[in-house]
Amino acid sequence: MKASEAQKRASKKWEDNNMESIRFRVPKGKKELINECAVANGESVNSMLNRLTDKEIERIKNKHK
């Protein structure tokens, strides 16, 4: 079922209020490797990067305790 215009507006409003974007560059060819890694783990690139970032943040926090 296609999302209504009201649903699209509500989703955009929620995203604008709750999410941030980060853009980063990688050498040619690395983007595909990142995508393949995410697919191999059964997750999206976004989910994989969030998981790995969270893991690194926790590692750093624990290191400084």
# chains A, B, ... in the order shown; residues from 1 in each chain; ligands from 1
>>> residues_around(residues="Asn35 (chain A)", least_positions_apart="4", cutoff="7 Å", atoms="only C-alpha atoms", output="list in words")
Lys31, Val39 and Val45 of chain A
>>> select_by_dssp(residues="region 1-64 of chain A", states="helix (DSSP H, G or I)", output="number ranges by chain")
A: 5-18, 30-40, 45-63
>>> write_last_selection(atoms="N, CA and C atoms", output="compact mmCIF listing (two decimals), in the first residue's frame")
# COMPACT_ATOMS: atom_id res chain seq x y z
N GLU A 5 -0.01 11.20 1.39
CA GLU A 5 0.77 12.44 1.51
C GLU A 5 0.89 12.84 2.98
N ALA A 6 -0.16 12.65 3.76
CA ALA A 6 -0.12 12.98 5.19
C ALA A 6 0.89 12.09 5.91
N GLN A 7 0.92 10.82 5.56
CA GLN A 7 1.90 9.90 6.17
C GLN A 7 3.33 10.31 5.80
N LYS A 8 3.52 10.70 4.56
CA LYS A 8 4.85 11.15 4.11
C LYS A 8 5.28 12.40 4.88
N ARG A 9 4.35 13.34 5.06
CA ARG A 9 4.68 14.56 5.80
C ARG A 9 5.00 14.24 7.26
N ALA A 10 4.21 13.36 7.86
CA ALA A 10 4.45 12.99 9.26
C ALA A 10 5.81 12.29 9.42
N SER A 11 6.13 11.42 8.50
CA SER A 11 7.43 10.73 8.55
C SER A 11 8.58 11.71 8.40
N LYS A 12 8.44 12.64 7.46
CA LYS A 12 9.49 13.64 7.26
C LYS A 12 9.65 14.52 8.49
N LYS A 13 8.53 14.92 9.08
CA LYS A 13 8.58 15.76 10.28
C LYS A 13 9.29 15.02 11.41
N TRP A 14 8.94 13.73 11.62
CA TRP A 14 9.59 12.94 12.66
C TRP A 14 11.08 12.84 12.39
N GLU A 15 11.46 12.53 11.15
CA GLU A 15 12.87 12.41 10.82
C GLU A 15 13.61 13.72 11.02
N ASP A 16 13.02 14.82 10.60
CA ASP A 16 13.65 16.14 10.77
C ASP A 16 13.88 16.46 12.25
N ASN A 17 12.97 16.02 13.12
CA ASN A 17 13.07 16.32 14.55
C ASN A 17 13.93 15.34 15.33
N ASN A 18 14.17 14.15 14.79
CA ASN A 18 14.81 13.10 15.58
C ASN A 18 16.10 12.52 15.00
N LYS A 30 35.51 1.10 -2.29
CA LYS A 30 35.25 0.77 -0.89
C LYS A 30 33.75 0.80 -0.58
N LYS A 31 33.00 1.63 -1.25
CA LYS A 31 31.56 1.71 -1.04
C LYS A 31 30.93 0.34 -1.29
N GLU A 32 31.31 -0.30 -2.38
CA GLU A 32 30.75 -1.62 -2.70
C GLU A 32 31.17 -2.65 -1.66
N LEU A 33 32.40 -2.57 -1.17
CA LEU A 33 32.86 -3.49 -0.12
C LEU A 33 32.06 -3.31 1.17
N ILE A 34 31.78 -2.06 1.50
CA ILE A 34 30.97 -1.77 2.69
C ILE A 34 29.57 -2.36 2.52
N ASN A 35 28.99 -2.17 1.35
CA ASN A 35 27.65 -2.70 1.08
C ASN A 35 27.65 -4.23 1.16
N GLU A 36 28.65 -4.88 0.58
CA GLU A 36 28.75 -6.33 0.62
C GLU A 36 28.88 -6.85 2.05
N CYS A 37 29.63 -6.15 2.86
CA CYS A 37 29.80 -6.52 4.26
C CYS A 37 28.46 -6.45 5.00
N ALA A 38 27.72 -5.37 4.77
CA ALA A 38 26.42 -5.22 5.42
C ALA A 38 25.47 -6.33 4.98
N VAL A 39 25.42 -6.60 3.69
CA VAL A 39 24.53 -7.65 3.17
C VAL A 39 24.92 -9.00 3.75
N ALA A 40 26.21 -9.27 3.85
CA ALA A 40 26.68 -10.54 4.42
C ALA A 40 26.25 -10.71 5.87
N VAL A 45 23.48 -0.88 5.32
CA VAL A 45 24.72 -0.15 5.58
C VAL A 45 24.52 0.78 6.77
N ASN A 46 23.38 1.46 6.84
CA ASN A 46 23.11 2.37 7.94
C ASN A 46 23.12 1.63 9.28
N SER A 47 22.44 0.49 9.33
CA SER A 47 22.41 -0.29 10.58
C SER A 47 23.80 -0.76 10.97
N MET A 48 24.57 -1.23 9.98
CA MET A 48 25.91 -1.70 10.26
C MET A 48 26.79 -0.57 10.81
N LEU A 49 26.73 0.59 10.17
CA LEU A 49 27.55 1.72 10.62
C LEU A 49 27.13 2.19 12.01
N ASN A 50 25.83 2.20 12.29
CA ASN A 50 25.37 2.55 13.63
C ASN A 50 25.86 1.55 14.66
N ARG A 51 25.76 0.26 14.35
CA ARG A 51 26.21 -0.79 15.28
C ARG A 51 27.71 -0.66 15.56
N LEU A 52 28.49 -0.49 14.51
CA LEU A 52 29.94 -0.39 14.70
C LEU A 52 30.34 0.89 15.43
N THR A 53 29.64 1.97 15.14
CA THR A 53 29.91 3.24 15.83
C THR A 53 29.56 3.12 17.31
N ASP A 54 28.40 2.53 17.62
CA ASP A 54 28.01 2.33 19.02
C ASP A 54 29.04 1.48 19.76
N LYS A 55 29.53 0.45 19.10
CA LYS A 55 30.54 -0.43 19.71
C LYS A 55 31.82 0.37 20.03
N GLU A 56 32.24 1.20 19.11
CA GLU A 56 33.45 2.01 19.31
C GLU A 56 33.24 3.05 20.41
N ILE A 57 32.08 3.67 20.45
CA ILE A 57 31.77 4.65 21.50
C ILE A 57 31.83 3.98 22.87
N GLU A 58 31.24 2.80 22.99
CA GLU A 58 31.29 2.06 24.27
C GLU A 58 32.71 1.70 24.65
N ARG A 59 33.52 1.29 23.66
CA ARG A 59 34.91 0.93 23.92
C ARG A 59 35.68 2.14 24.48
N ILE A 60 35.46 3.29 23.88
CA ILE A 60 36.14 4.51 24.31
C ILE A 60 35.66 4.91 25.71
N LYS A 61 34.34 4.84 25.93
CA LYS A 61 33.80 5.17 27.26
C LYS A 61 34.41 4.28 28.34
N ASN A 62 34.48 2.99 28.08
CA ASN A 62 35.02 2.04 29.05
C ASN A 62 36.52 2.24 29.28
N LYS A 63 37.21 2.66 28.25
CA LYS A 63 38.64 2.93 28.34
C LYS A 63 38.95 4.09 29.27
>>> atom_distance(atom1="CA of Lys65 (chain A)", atom2="CA of Ser21 (chain A)")
29.3 Å
>>> decode(residues="region 7-22 of chain A", atoms="all heavy atoms", output="short mmCIF file (atom, residue, chain, number, x, y, z; two decimals), in the first residue's frame")
data_model
loop_
_atom_site.label_atom_id
_atom_site.label_comp_id
_atom_site.auth_asym_id
_atom_site.auth_seq_id
_atom_site.Cartn_x
_atom_site.Cartn_y
_atom_site.Cartn_z
N GLN A 7 0.92 10.82 5.56
CA GLN A 7 1.90 9.90 6.17
C GLN A 7 3.33 10.31 5.80
O GLN A 7 4.23 10.28 6.64
CB GLN A 7 1.64 8.46 5.71
CG GLN A 7 0.41 7.85 6.33
CD GLN A 7 0.05 6.53 5.67
OE1 GLN A 7 0.15 6.37 4.46
NE2 GLN A 7 -0.38 5.58 6.49
N LYS A 8 3.52 10.70 4.56
CA LYS A 8 4.85 11.15 4.11
C LYS A 8 5.28 12.40 4.88
O LYS A 8 6.43 12.50 5.32
CB LYS A 8 4.84 11.44 2.62
CG LYS A 8 4.74 10.20 1.76
CD LYS A 8 4.68 10.58 0.28
CE LYS A 8 4.42 9.40 -0.60
NZ LYS A 8 4.31 9.77 -2.02
N ARG A 9 4.35 13.34 5.06
CA ARG A 9 4.68 14.56 5.80
C ARG A 9 5.00 14.24 7.26
O ARG A 9 5.94 14.79 7.83
CB ARG A 9 3.52 15.57 5.72
CG ARG A 9 3.41 16.29 4.39
CD ARG A 9 2.45 17.47 4.44
NE ARG A 9 1.12 17.10 4.91
CZ ARG A 9 0.12 16.67 4.15
NH1 ARG A 9 0.29 16.53 2.85
NH2 ARG A 9 -1.06 16.37 4.68
N ALA A 10 4.21 13.36 7.86
CA ALA A 10 4.45 12.99 9.26
C ALA A 10 5.81 12.29 9.42
O ALA A 10 6.54 12.57 10.36
CB ALA A 10 3.33 12.09 9.76
N SER A 11 6.13 11.42 8.50
CA SER A 11 7.43 10.73 8.55
C SER A 11 8.58 11.71 8.40
O SER A 11 9.57 11.62 9.12
CB SER A 11 7.51 9.66 7.45
OG SER A 11 6.62 8.61 7.72
N LYS A 12 8.44 12.64 7.46
CA LYS A 12 9.49 13.64 7.26
C LYS A 12 9.65 14.52 8.49
O LYS A 12 10.76 14.81 8.91
CB LYS A 12 9.20 14.50 6.03
CG LYS A 12 10.33 15.49 5.76
CD LYS A 12 10.08 16.32 4.54
CE LYS A 12 11.16 17.32 4.23
NZ LYS A 12 12.03 17.77 5.27
N LYS A 13 8.53 14.92 9.08
CA LYS A 13 8.58 15.76 10.28
C LYS A 13 9.29 15.02 11.41
O LYS A 13 10.15 15.57 12.10
CB LYS A 13 7.17 16.14 10.72
CG LYS A 13 7.13 17.04 11.94
CD LYS A 13 5.71 17.41 12.32
CE LYS A 13 5.70 18.27 13.57
NZ LYS A 13 4.32 18.61 13.99
N TRP A 14 8.94 13.73 11.62
CA TRP A 14 9.59 12.94 12.66
C TRP A 14 11.08 12.84 12.39
O TRP A 14 11.90 13.05 13.29
CB TRP A 14 8.98 11.54 12.75
CG TRP A 14 9.58 10.75 13.86
CD1 TRP A 14 9.15 10.70 15.15
CD2 TRP A 14 10.76 9.93 13.80
NE1 TRP A 14 9.98 9.89 15.89
CE2 TRP A 14 10.98 9.41 15.08
CE3 TRP A 14 11.65 9.59 12.79
CZ2 TRP A 14 12.04 8.58 15.39
CZ3 TRP A 14 12.72 8.76 13.08
CH2 TRP A 14 12.89 8.26 14.38
N GLU A 15 11.46 12.53 11.15
CA GLU A 15 12.87 12.41 10.82
C GLU A 15 13.61 13.72 11.02
O GLU A 15 14.72 13.74 11.56
CB GLU A 15 13.04 11.92 9.38
CG GLU A 15 14.47 11.55 9.07
CD GLU A 15 14.62 10.79 7.77
OE1 GLU A 15 13.82 9.89 7.49
OE2 GLU A 15 15.58 11.13 7.04
N ASP A 16 13.02 14.82 10.60
CA ASP A 16 13.65 16.14 10.77
C ASP A 16 13.88 16.46 12.25
O ASP A 16 14.88 17.09 12.60
CB ASP A 16 12.79 17.24 10.14
CG ASP A 16 12.80 17.21 8.62
OD1 ASP A 16 13.64 16.50 8.03
OD2 ASP A 16 11.94 17.88 8.02
N ASN A 17 12.97 16.02 13.12
CA ASN A 17 13.07 16.32 14.55
C ASN A 17 13.93 15.34 15.33
O ASN A 17 14.36 15.65 16.44
CB ASN A 17 11.67 16.36 15.17
CG ASN A 17 10.87 17.56 14.74
OD1 ASN A 17 11.42 18.62 14.45
ND2 ASN A 17 9.57 17.40 14.66
N ASN A 18 14.17 14.15 14.79
CA ASN A 18 14.81 13.10 15.58
C ASN A 18 16.10 12.52 15.00
O ASN A 18 16.77 11.76 15.69
CB ASN A 18 13.82 11.94 15.79
CG ASN A 18 12.65 12.37 16.63
OD1 ASN A 18 12.77 12.52 17.83
ND2 ASN A 18 11.52 12.60 16.00
N MET A 19 16.42 12.84 13.79
CA MET A 19 17.57 12.21 13.15
C MET A 19 18.54 13.26 12.60
O MET A 19 18.14 14.39 12.32
CB MET A 19 17.10 11.31 11.99
CG MET A 19 16.09 10.25 12.39
SD MET A 19 16.67 9.10 13.63
CE MET A 19 17.72 8.07 12.65
N GLU A 20 19.79 12.86 12.49
CA GLU A 20 20.82 13.69 11.85
C GLU A 20 21.48 12.84 10.78
O GLU A 20 21.48 11.62 10.85
CB GLU A 20 21.88 14.12 12.86
CG GLU A 20 21.36 15.05 13.93
CD GLU A 20 22.45 15.46 14.91
OE1 GLU A 20 23.06 14.56 15.51
OE2 GLU A 20 22.66 16.66 15.04
N SER A 21 22.07 13.51 9.81
CA SER A 21 22.77 12.81 8.74
C SER A 21 24.25 13.13 8.80
O SER A 21 24.64 14.24 9.14
CB SER A 21 22.23 13.24 7.37
OG SER A 21 20.91 12.82 7.21
N ILE A 22 25.05 12.12 8.47
CA ILE A 22 26.49 12.29 8.34
C ILE A 22 26.86 11.78 6.95
O ILE A 22 26.48 10.67 6.57
CB ILE A 22 27.27 11.49 9.39
CG1 ILE A 22 26.91 11.96 10.79
CG2 ILE A 22 28.76 11.58 9.15
CD1 ILE A 22 27.54 11.13 11.90
#
